[in-house]
file run05.tsv (TSV, C-alpha atoms and all ligand atoms)
chain	number	residue	atom	x	y	z
K	1	MET	CA	120.92	91.70	112.33
K	2	ALA	CA	118.73	88.71	111.51
K	3	ASP	CA	117.55	88.21	107.91
K	4	VAL	CA	114.19	89.87	107.31
K	5	ARG	CA	111.45	87.25	107.48
K	6	VAL	CA	108.44	89.54	107.42
K	7	ASP	CA	108.12	93.28	106.76
K	8	PHE	CA	105.10	95.00	108.34
K	9	ARG	CA	106.26	98.60	107.88
K	10	SER	CA	103.86	99.42	105.05
K	11	ASP	CA	101.77	97.97	102.24
K	12	THR	CA	103.69	100.28	99.88
K	13	LEU	CA	106.67	97.90	100.11
K	14	THR	CA	105.21	95.34	97.72
K	15	ARG	CA	107.15	94.65	94.52
K	16	PRO	CA	105.49	93.98	91.16
K	17	SER	CA	104.98	90.24	90.61
K	18	PRO	CA	106.30	88.47	87.48
K	19	ALA	CA	102.79	88.48	85.95
K	20	MET	CA	102.40	92.21	86.64
K	21	ARG	CA	105.82	92.88	85.10
K	22	ALA	CA	104.80	90.87	82.02
K	23	ALA	CA	101.69	93.04	81.66
K	24	MET	CA	103.88	96.15	81.93
K	25	ALA	CA	106.31	94.85	79.30
K	26	ASP	CA	103.44	94.22	76.87
K	27	ALA	CA	101.69	97.57	77.39
K	28	GLU	CA	100.82	99.67	74.37
K	29	VAL	CA	101.96	103.23	75.09
K	30	GLY	CA	101.80	106.78	73.77
K	31	ASP	CA	102.58	110.28	75.05
K	32	ASP	CA	100.17	111.02	77.88
K	33	VAL	CA	100.81	114.77	77.88
K	34	PHE	CA	99.33	114.60	74.36
K	35	ASP	CA	96.59	112.42	75.96
K	36	GLU	CA	97.57	109.62	73.55
K	37	ASP	CA	98.46	106.69	75.79
K	38	PRO	CA	95.92	103.90	75.11
K	39	THR	CA	96.73	101.89	78.23
K	40	LEU	CA	96.34	104.97	80.41
K	41	HIS	CA	92.97	105.65	78.77
K	42	GLU	CA	91.95	102.08	79.54
K	43	LEU	CA	92.96	102.45	83.20
K	44	GLN	CA	91.26	105.82	83.62
K	45	ASP	CA	88.03	104.61	81.98
K	46	HIS	CA	88.09	101.43	84.06
K	47	VAL	CA	88.48	103.30	87.36
K	48	ALA	CA	85.88	105.94	86.46
K	49	GLY	CA	83.50	103.04	85.68
K	50	LEU	CA	84.19	101.25	88.97
K	51	PHE	CA	83.09	104.35	90.89
K	52	GLY	CA	80.26	105.34	88.55
K	53	HIS	CA	81.87	108.68	87.69
K	54	GLU	CA	82.45	110.27	84.28
K	55	ALA	CA	86.22	110.44	84.36
K	56	ALA	CA	89.46	109.69	86.17
K	57	LEU	CA	93.05	110.92	85.92
K	58	PHE	CA	96.24	109.05	86.73
K	59	ALA	CA	98.66	110.80	89.10
K	60	PRO	CA	102.13	109.78	90.27
K	61	SER	CA	101.15	109.71	93.96
K	62	GLY	CA	98.22	109.80	96.33
K	63	THR	CA	99.48	113.08	97.71
K	64	MET	CA	99.31	114.71	94.29
K	65	ALA	CA	95.88	113.20	93.62
K	66	ASN	CA	94.49	114.49	96.94
K	67	GLN	CA	96.03	117.91	96.61
K	68	ILE	CA	94.82	118.43	93.03
K	69	ALA	CA	91.29	117.49	94.12
K	70	LEU	CA	91.46	119.86	97.09
K	71	GLN	CA	92.88	122.76	95.07
K	72	LEU	CA	89.98	122.35	92.64
K	73	ALA	CA	87.42	122.32	95.45
K	74	VAL	CA	88.80	125.08	97.69
K	75	PRO	CA	89.78	128.54	96.42
K	76	ARG	CA	92.97	129.98	97.98
K	77	GLY	CA	92.37	131.24	101.52
K	78	GLU	CA	89.15	129.31	101.96
K	79	GLU	CA	88.46	126.29	104.08
K	80	LEU	CA	88.66	122.50	104.17
K	81	LEU	CA	87.27	120.49	107.11
K	82	CYS	CA	88.77	117.10	107.93
K	83	ASP	CA	89.76	114.69	110.71
K	84	ALA	CA	92.74	115.86	112.82
K	85	ALA	CA	94.62	112.70	111.86
K	86	ALA	CA	93.74	112.84	108.15
K	87	HIS	CA	96.54	112.07	105.71
K	88	VAL	CA	95.70	115.25	103.78
K	89	VAL	CA	96.75	117.41	106.76
K	90	THR	CA	99.25	115.25	108.64
K	91	ASP	CA	101.19	113.31	106.00
K	92	GLU	CA	101.42	115.45	102.87
K	93	ILE	CA	104.26	117.79	103.88
K	94	GLY	CA	101.89	120.70	104.38
K	95	ALA	CA	100.89	120.73	100.69
K	96	ALA	CA	97.36	122.02	101.35
K	97	ALA	CA	98.84	125.16	102.92
K	98	ALA	CA	102.11	125.45	101.02
K	99	ILE	CA	100.81	124.77	97.51
K	100	GLY	CA	97.02	125.09	97.65
K	101	GLY	CA	96.71	128.02	100.05
K	102	VAL	CA	93.97	125.97	101.69
K	103	SER	CA	92.95	126.90	105.23
K	104	THR	CA	92.17	123.75	107.20
K	105	ARG	CA	90.08	123.18	110.34
K	106	THR	CA	89.92	119.73	111.88
K	107	TRP	CA	87.52	117.75	114.04
K	108	PRO	CA	89.01	115.68	116.90
K	109	SER	CA	90.22	112.48	115.29
K	110	ALA	CA	87.39	109.95	115.30
K	111	GLY	CA	88.07	107.54	112.46
K	112	ALA	CA	85.10	105.21	112.03
K	113	ASP	CA	83.29	106.73	115.04
K	114	LEU	CA	82.86	110.02	113.22
K	115	ASP	CA	79.66	111.84	114.22
K	116	PRO	CA	78.31	113.61	111.12
K	117	SER	CA	76.56	116.25	113.25
K	118	VAL	CA	79.96	117.39	114.58
K	119	VAL	CA	80.97	118.12	111.00
K	120	ALA	CA	77.65	119.80	110.18
K	121	ASP	CA	78.12	122.15	113.16
K	122	MET	CA	81.58	123.19	111.94
K	123	ILE	CA	80.48	124.44	108.51
K	124	ARG	CA	80.75	128.22	108.29
K	125	PRO	CA	79.29	130.61	105.71
K	126	ASP	CA	81.15	133.58	104.27
K	127	GLY	CA	81.47	136.44	106.77
K	128	PHE	CA	83.52	139.43	107.91
K	129	VAL	CA	86.13	137.28	109.66
K	130	ALA	CA	85.21	133.66	109.04
K	131	VAL	CA	86.77	131.69	106.24
K	132	PRO	CA	83.95	130.04	104.30
K	133	THR	CA	83.91	126.25	104.30
K	134	ARG	CA	84.21	124.92	100.75
K	135	ALA	CA	85.03	121.24	101.23
K	136	ILE	CA	84.95	118.29	103.61
K	137	ALA	CA	87.43	115.43	103.27
K	138	VAL	CA	87.04	111.95	104.75
K	139	GLU	CA	89.50	109.07	104.67
K	140	GLN	CA	88.34	105.54	103.83
K	141	THR	CA	89.92	103.45	105.29
K	142	HIS	CA	91.40	105.67	107.98
K	143	ASN	CA	95.14	105.09	108.06
K	144	ARG	CA	96.07	106.66	111.42
K	145	GLN	CA	92.91	105.23	112.99
K	146	GLY	CA	94.10	101.67	112.44
K	147	GLY	CA	92.57	101.06	109.03
K	148	ALA	CA	89.10	101.88	110.39
K	149	VAL	CA	86.14	101.61	108.00
K	150	ILE	CA	83.66	104.49	108.21
K	151	PRO	CA	80.15	102.96	108.11
K	152	LEU	CA	78.03	103.67	105.04
K	153	PRO	CA	75.23	105.44	106.99
K	154	THR	CA	77.78	107.91	108.40
K	155	LEU	CA	78.99	108.70	104.88
K	156	GLN	CA	75.41	109.05	103.65
K	157	ALA	CA	74.68	111.54	106.45
K	158	LEU	CA	77.80	113.51	105.50
K	159	ARG	CA	76.68	113.53	101.87
K	160	ALA	CA	73.35	115.03	102.90
K	161	THR	CA	75.12	117.63	105.05
K	162	ALA	CA	77.48	118.59	102.22
K	163	THR	CA	74.64	118.86	99.72
K	164	ASP	CA	72.55	121.04	102.07
K	165	ALA	CA	75.48	123.36	102.68
K	166	GLY	CA	76.66	123.43	99.06
K	167	VAL	CA	80.05	122.10	100.14
K	168	HIS	CA	82.31	119.72	98.19
K	169	LEU	CA	82.79	116.21	99.60
K	170	HIS	CA	86.14	114.53	98.89
K	171	CYS	CA	87.21	111.00	99.80
K	172	ASP	CA	90.86	110.16	100.36
K	173	GLY	CA	90.29	106.58	99.27
K	174	ALA	CA	93.89	105.39	99.20
K	175	ARG	CA	92.60	102.13	100.71
K	176	ILE	CA	88.95	102.29	99.67
K	177	TRP	CA	89.44	98.78	98.20
K	178	HIS	CA	89.97	97.52	101.74
K	179	ALA	CA	86.74	99.15	102.93
K	180	HIS	CA	84.88	97.61	99.98
K	181	VAL	CA	86.20	94.14	100.86
K	182	ALA	CA	85.65	94.55	104.63
K	183	ASP	CA	82.08	95.93	104.49
K	184	GLY	CA	80.92	94.59	101.11
K	185	VAL	CA	79.86	98.08	99.99
K	186	PRO	CA	80.13	98.30	96.18
K	187	LEU	CA	82.75	100.75	94.89
K	188	SER	CA	80.00	102.42	92.84
K	189	THR	CA	78.03	103.07	96.06
K	190	TYR	CA	81.05	104.81	97.54
K	191	GLY	CA	81.60	106.63	94.26
K	192	ARG	CA	78.10	108.11	94.22
K	193	LEU	CA	78.61	109.69	97.65
K	194	PHE	CA	81.60	111.86	96.74
K	195	ASP	CA	82.23	114.77	94.39
K	196	SER	CA	85.84	113.61	94.08
K	197	LEU	CA	87.90	110.65	95.20
K	198	SER	CA	91.55	109.77	95.19
K	199	VAL	CA	92.40	106.07	95.05
K	200	CYS	CA	95.77	104.37	95.28
K	201	LEU	CA	97.15	101.48	93.21
K	202	SER	CA	100.46	101.12	95.05
K	203	LYS	CA	99.23	100.25	98.54
K	204	GLY	CA	97.49	96.93	99.07
K	205	LEU	CA	96.93	96.34	95.35
K	206	GLY	CA	100.64	95.92	94.72
K	207	ALA	CA	101.29	98.21	91.74
K	208	PRO	CA	104.65	100.02	91.78
K	209	VAL	CA	103.35	103.57	91.22
K	210	GLY	CA	100.16	105.50	90.92
K	211	SER	CA	96.90	106.94	92.15
K	212	LEU	CA	93.85	108.32	90.38
K	213	ILE	CA	91.55	111.27	90.89
K	214	VAL	CA	87.93	110.41	90.10
K	215	GLY	CA	85.13	112.89	89.34
K	216	SER	CA	83.09	114.64	86.67
K	217	ALA	CA	84.48	115.13	83.16
K	218	GLU	CA	84.72	118.87	83.79
K	219	ARG	CA	86.58	118.42	87.08
K	220	ILE	CA	89.00	115.91	85.60
K	221	ALA	CA	89.76	118.20	82.63
K	222	ALA	CA	90.72	120.90	85.17
K	223	ALA	CA	92.69	118.32	87.18
K	224	ARG	CA	94.74	117.47	84.07
K	225	LYS	CA	95.90	121.10	83.81
K	226	LEU	CA	96.74	121.32	87.52
K	227	ARG	CA	98.66	118.04	87.34
K	228	LYS	CA	100.80	119.48	84.54
K	229	ARG	CA	101.38	122.67	86.53
K	230	MET	CA	102.54	120.63	89.51
K	231	GLY	CA	105.03	118.75	87.32
K	232	GLY	CA	102.97	115.58	87.13
K	233	GLY	CA	102.59	115.39	83.35
K	234	MET	CA	103.93	111.98	82.28
K	235	ARG	CA	104.85	110.56	78.90
K	236	GLN	CA	104.68	106.78	78.22
K	237	ALA	CA	102.98	106.17	81.54
K	238	GLY	CA	101.00	103.28	80.04
K	239	ILE	CA	103.77	101.05	81.41
K	240	LEU	CA	102.55	102.07	84.88
K	241	ALA	CA	98.89	101.95	83.90
K	242	ALA	CA	99.31	98.32	82.82
K	243	ALA	CA	100.50	97.48	86.31
K	244	GLY	CA	97.50	99.30	87.75
K	245	LEU	CA	95.04	97.46	85.50
K	246	TYR	CA	96.64	94.16	86.45
K	247	ALA	CA	96.35	95.09	90.13
K	248	LEU	CA	92.68	96.07	89.85
K	249	ARG	CA	91.77	92.92	87.93
K	250	ASN	CA	93.64	90.47	90.14
K	251	ASN	CA	94.37	91.82	93.59
K	252	ILE	CA	91.15	93.20	95.09
K	253	PRO	CA	89.46	89.98	96.39
K	254	ARG	CA	92.70	88.77	97.95
K	255	LEU	CA	92.69	91.76	100.35
K	256	ALA	CA	90.41	89.58	102.52
K	257	GLU	CA	93.50	87.47	103.20
K	258	ASP	CA	95.42	90.54	104.42
K	259	HIS	CA	92.50	91.41	106.69
K	260	ALA	CA	92.40	87.88	108.13
K	261	ARG	CA	96.14	87.96	108.76
K	262	ALA	CA	95.86	91.34	110.51
K	263	ARG	CA	93.13	89.91	112.75
K	264	LEU	CA	95.25	86.84	113.47
K	265	LEU	CA	98.16	89.05	114.56
K	266	ALA	CA	95.85	91.17	116.70
K	267	GLU	CA	94.46	88.05	118.39
K	268	ALA	CA	97.97	86.82	119.12
K	269	LEU	CA	98.87	90.18	120.67
K	270	ALA	CA	95.57	90.82	122.50
K	271	PRO	CA	96.55	88.96	125.72
K	272	SER	CA	99.39	91.50	126.08
K	273	GLY	CA	96.78	94.27	126.24
K	274	VAL	CA	98.20	96.29	123.33
K	275	VAL	CA	95.37	95.88	120.81
K	276	ASP	CA	91.66	95.06	120.70
K	277	PRO	CA	91.15	92.53	117.87
K	278	GLN	CA	87.49	93.60	117.53
K	279	ARG	CA	88.69	96.94	116.19
K	280	ILE	CA	90.86	95.42	113.47
K	281	ARG	CA	88.75	95.50	110.30
K	282	THR	CA	91.32	95.79	107.53
K	283	ASN	CA	95.10	95.43	107.08
K	284	ILE	CA	96.45	97.83	109.72
K	285	VAL	CA	97.20	96.77	113.31
K	286	PRO	CA	98.15	99.62	115.65
K	287	LEU	CA	99.81	98.55	118.91
K	288	ASP	CA	99.39	100.86	121.89
K	289	LEU	CA	102.36	100.14	124.15
K	290	THR	CA	101.25	102.48	126.95
K	291	GLY	CA	100.96	99.64	129.46
K	292	ALA	CA	103.77	97.49	128.06
K	293	ALA	CA	107.25	96.99	129.49
K	294	VAL	CA	108.91	98.31	126.33
K	295	ASP	CA	108.41	101.50	124.31
K	296	GLY	CA	108.01	101.67	120.53
K	297	PRO	CA	111.66	102.04	119.53
K	298	ALA	CA	112.77	99.23	121.90
K	299	PHE	CA	110.01	96.92	120.65
K	300	ALA	CA	110.90	97.64	117.00
K	301	ALA	CA	114.59	96.96	117.67
K	302	ALA	CA	113.81	93.66	119.42
K	303	ALA	CA	111.49	92.66	116.55
K	304	ARG	CA	114.20	93.48	114.03
K	305	GLU	CA	116.53	91.06	115.84
K	306	GLN	CA	113.91	88.38	115.09
K	307	GLY	CA	113.65	89.31	111.40
K	308	ILE	CA	110.40	91.28	111.84
K	309	LEU	CA	110.16	94.92	110.70
K	310	VAL	CA	107.50	97.25	112.16
K	311	SER	CA	106.86	101.02	112.01
K	312	VAL	CA	107.23	103.25	115.05
K	313	LEU	CA	104.61	106.01	114.81
K	314	GLY	CA	105.09	107.45	118.28
K	315	ARG	CA	106.94	106.73	121.52
K	316	ARG	CA	104.25	104.25	122.54
K	317	LEU	CA	102.67	103.54	119.17
K	318	VAL	CA	103.75	100.86	116.71
K	319	ARG	CA	101.99	99.86	113.50
K	320	LEU	CA	101.88	96.58	111.60
K	321	VAL	CA	100.52	96.50	108.04
K	322	THR	CA	99.72	93.28	106.19
K	323	HIS	CA	100.13	93.02	102.40
K	324	LEU	CA	100.52	90.63	99.50
K	325	ASP	CA	104.29	90.16	99.74
K	326	GLN	CA	104.02	88.37	103.10
K	327	THR	CA	103.91	84.59	103.58
K	328	ASP	CA	102.01	82.33	105.98
K	329	ASP	CA	105.38	81.41	107.45
K	330	GLY	CA	106.24	85.08	108.12
K	331	ILE	CA	102.85	85.77	109.71
K	332	ALA	CA	103.07	82.65	111.92
K	333	HIS	CA	106.61	83.64	112.99
K	334	ALA	CA	105.40	87.14	113.95
K	335	ALA	CA	102.32	85.84	115.78
K	336	LYS	CA	104.57	83.58	117.85
K	337	VAL	CA	107.46	85.97	118.52
K	338	LEU	CA	105.95	89.49	118.86
K	339	PRO	CA	103.94	88.78	122.06
K	340	THR	CA	107.14	87.55	123.77
K	341	LEU	CA	108.83	90.91	123.18
K	342	LEU	CA	106.29	92.93	125.16
K	343	HIS	CA	107.27	91.93	128.69
N	401	LIG	C1	99.43	106.44	101.33
N	401	LIG	C2	98.28	107.34	101.49
N	401	LIG	C3	98.08	108.42	100.61
N	401	LIG	C4	98.99	108.74	99.45
N	401	LIG	O1	100.31	108.69	99.71
N	401	LIG	P1	101.45	108.80	98.59
N	401	LIG	O2	102.61	108.25	99.32
N	401	LIG	O3	101.58	110.23	98.25
N	401	LIG	O4	101.04	107.98	97.41
N	401	LIG	C5	96.97	109.20	100.81
N	401	LIG	N1	96.11	108.94	101.80
N	401	LIG	C6	96.27	107.93	102.65
N	401	LIG	C7	95.25	107.67	103.72
N	401	LIG	C8	97.36	107.09	102.54
N	401	LIG	O5	97.51	106.06	103.40

call {"tool": "encode", "arguments": {"input": "run05.tsv", "output": "structure tokens"}}
result
Amino acid sequence: MADVRVDFRSDTLTRPSPAMRAAMADAEVGDDVFDEDPTLHELQDHVAGLFGHEAALFAPSGTMANQIALQLAVPRGEELLCDAAAHVVTDEIGAAAAIGGVSTRTWPSAGADLDPSVVADMIRPDGFVAVPTRAIAVEQTHNRQGGAVIPLPTLQALRATATDAGVHLHCDGARIWHAHVADGVPLSTYGRLFDSLSVCLSKGLGAPVGSLIVGSAERIAAARKLRKRMGGGMRQAGILAAAGLYALRNNIPRLAEDHARARLLAEALAPSGVVDPQRIRTNIVPLDLTGAAVDGPAFAAAAREQGILVSVLGRRLVRLVTHLDQTDDGIAHAAKVLPTLLH
């Protein structure tokens, strides 16, 4: 196999930079189960402030952050509404059902084209047979919809719907930083729209570990207990928080570069008919190989021979993700070689 020249499988593959590692080495720490880690407090206060909420809580993964937020919003046996391709129902090993006892109902996957009235029509009150709807979750950006950015007016309409119905609105904001950079919507504007958010430090921002749950002081106090119950109580986690603070302070504006590289790749591949560059807004480039001469596994194997790693998400679906550990040379190599592998 050729040496790896560029790895597009995921933006979780990034390794902490020397400067990030230096910040980790210098971190002041304490025992976070005692709520005594100063660096963790700094991170949690910083993130709560970014989103204009009262409090935030560090969690070891985005899955745990989402599932804690959902367990707090939805009593066992009651209902969550979300997109059919939402991470919370398709990529969290069934945690909503297996751990939270959450009943889920989904709308046909729409990503950024979500019609808020479809969601409004799905909300059900308590009844003799119906499970009452307690929460709605949206994903910003939408991972399985090619990093799509849901427009602000759509989210504002959903907020109004949720408020009218007395239903909780959660945002799986693993890549909300990318939406903020792509659309220029302030993080605090996003924050105001949601009762809870989960945000991820270890995707495009380049930290090694960690997500946060954001919400009211009361909600976050309850989240702290649930996190401990789920085995997520950590001790000197300030080492990780220092990486997160470094990531938030240094790596948000540079996401624009990842977005530009994703668009460049999409433009190189567009003549092969596998992607519409107009739809590429952030750092994810899905390739639909339905009309191509090769299927996903064959394309990925051929790319690997050229030192390019991609994810196969389905027989005819491949995904490229751009991130901060890639080089101009790697991107140029991929833009030149990948189109030649499709016919
Ligand atoms: C990655 C991701 C998560 C969290 O995943 P973990 O691997 O558990 O940290 C949540 N939502 C979305 C949309 C994601 O892409």

call {"tool": "residues_near_ligand", "arguments": {"input": "run05.tsv", "ligand": "ligand LIG 401 (chain N)", "cutoff": "10 Å", "atoms": "only C-alpha atoms and all ligand atoms", "output": "count of residues only"}}
result
46

call {"tool": "closest_residue", "arguments": {"input": "run05.tsv", "among": "K:Arg224, K:Arg9, K:His170, K:Arg21", "to": "Phe58 (chain K)", "atoms": "only C-alpha atoms"}}
result
K:Arg224

call {"tool": "residues_around", "arguments": {"input": "run05.tsv", "residues": "Phe299 (chain K)", "least_positions_apart": "6", "cutoff": "12 Å", "atoms": "only C-alpha atoms", "output": "PyMOL selection string"}}
result
chain K and resi 287-289+292-293+305-306+308-312+314-319+337-343

call {"tool": "closest_residue", "arguments": {"input": "run05.tsv", "among": "K:Gly146, K:Pro153, K:Pro132, K:Gly184", "to": "Val275 (chain K)", "atoms": "all atoms listed in the file"}}
result
K:Gly146

call {"tool": "atom_distance", "arguments": {"input": "run05.tsv", "atom1": "CA of Val181 (chain K)", "atom2": "CA of Ala256 (chain K)"}}
result
6.4 Å

call {"tool": "build_atoms", "arguments": {"input": "run05.tsv", "residues": "region 118-142 of chain K", "atoms": "N, CA, C and O atoms", "output": "compact mmCIF listing (two decimals), in the frame of the given file"}}
result
# COMPACT_ATOMS: atom_id res chain seq x y z
N VAL K 118 78.80 116.58 114.18
CA VAL K 118 79.96 117.39 114.58
C VAL K 118 80.47 118.17 113.36
O VAL K 118 80.80 119.35 113.45
N VAL K 119 80.49 117.48 112.24
CA VAL K 119 80.97 118.12 111.00
C VAL K 119 79.97 119.19 110.56
O VAL K 119 80.35 120.32 110.21
N ALA K 120 78.69 118.84 110.61
CA ALA K 120 77.65 119.80 110.18
C ALA K 120 77.76 121.09 110.98
O ALA K 120 77.65 122.19 110.44
N ASP K 121 78.03 120.96 112.29
CA ASP K 121 78.12 122.15 113.16
C ASP K 121 79.35 123.00 112.86
O ASP K 121 79.42 124.16 113.28
N MET K 122 80.34 122.43 112.21
CA MET K 122 81.58 123.19 111.94
C MET K 122 81.50 124.04 110.68
O MET K 122 82.30 124.95 110.48
N ILE K 123 80.55 123.74 109.80
CA ILE K 123 80.48 124.44 108.51
C ILE K 123 80.15 125.92 108.74
O ILE K 123 79.23 126.24 109.48
N ARG K 124 80.97 126.78 108.11
CA ARG K 124 80.75 128.22 108.29
C ARG K 124 80.47 128.90 106.94
O ARG K 124 81.12 128.60 105.95
N PRO K 125 79.53 129.83 106.93
CA PRO K 125 79.29 130.61 105.71
C PRO K 125 80.33 131.72 105.58
O PRO K 125 81.12 131.96 106.51
N ASP K 126 80.31 132.41 104.48
CA ASP K 126 81.15 133.58 104.27
C ASP K 126 80.80 134.63 105.32
O ASP K 126 79.66 134.72 105.74
N GLY K 127 81.77 135.43 105.76
CA GLY K 127 81.47 136.44 106.77
C GLY K 127 82.56 137.48 106.80
O GLY K 127 83.46 137.48 105.97
N PHE K 128 82.52 138.37 107.82
CA PHE K 128 83.52 139.43 107.91
C PHE K 128 84.87 138.88 108.34
O PHE K 128 85.91 139.39 107.96
N VAL K 129 84.86 137.85 109.20
CA VAL K 129 86.13 137.28 109.66
C VAL K 129 86.27 135.80 109.31
O VAL K 129 87.38 135.30 109.16
N ALA K 130 85.14 135.11 109.23
CA ALA K 130 85.21 133.66 109.04
C ALA K 130 85.62 133.31 107.62
O ALA K 130 85.22 133.97 106.66
N VAL K 131 86.41 132.28 107.54
CA VAL K 131 86.77 131.69 106.24
C VAL K 131 85.63 130.77 105.84
O VAL K 131 85.24 129.91 106.61
N PRO K 132 85.07 130.92 104.66
CA PRO K 132 83.95 130.04 104.30
C PRO K 132 84.41 128.61 104.04
O PRO K 132 85.46 128.38 103.44
N THR K 133 83.61 127.66 104.52
CA THR K 133 83.91 126.25 104.30
C THR K 133 83.54 125.88 102.87
O THR K 133 82.41 126.12 102.43
N ARG K 134 84.48 125.31 102.14
CA ARG K 134 84.21 124.92 100.75
C ARG K 134 84.23 123.41 100.54
O ARG K 134 83.68 122.93 99.55
N ALA K 135 84.92 122.69 101.45
CA ALA K 135 85.03 121.24 101.23
C ALA K 135 85.18 120.49 102.55
O ALA K 135 85.65 121.05 103.55
N ILE K 136 84.75 119.23 102.51
CA ILE K 136 84.95 118.29 103.61
C ILE K 136 85.70 117.10 103.02
O ILE K 136 85.37 116.64 101.93
N ALA K 137 86.73 116.64 103.74
CA ALA K 137 87.43 115.43 103.27
C ALA K 137 87.30 114.33 104.32
O ALA K 137 87.42 114.59 105.52
N VAL K 138 87.02 113.12 103.86
CA VAL K 138 87.04 111.95 104.75
C VAL K 138 88.04 110.94 104.20
O VAL K 138 88.40 110.99 103.02
N GLU K 139 88.48 110.05 105.06
CA GLU K 139 89.50 109.07 104.67
C GLU K 139 88.93 107.67 104.87
O GLU K 139 88.51 107.32 105.97
N GLN K 140 88.92 106.89 103.79
CA GLN K 140 88.34 105.54 103.83
C GLN K 140 89.31 104.57 103.17
O GLN K 140 89.53 104.68 101.97
N THR K 141 89.94 103.61 103.85
CA THR K 141 89.92 103.45 105.29
C THR K 141 90.79 104.51 105.96
O THR K 141 91.58 105.17 105.28
N HIS K 142 90.66 104.63 107.28
CA HIS K 142 91.40 105.67 107.98
C HIS K 142 92.74 105.14 108.47
O HIS K 142 92.80 104.34 109.39
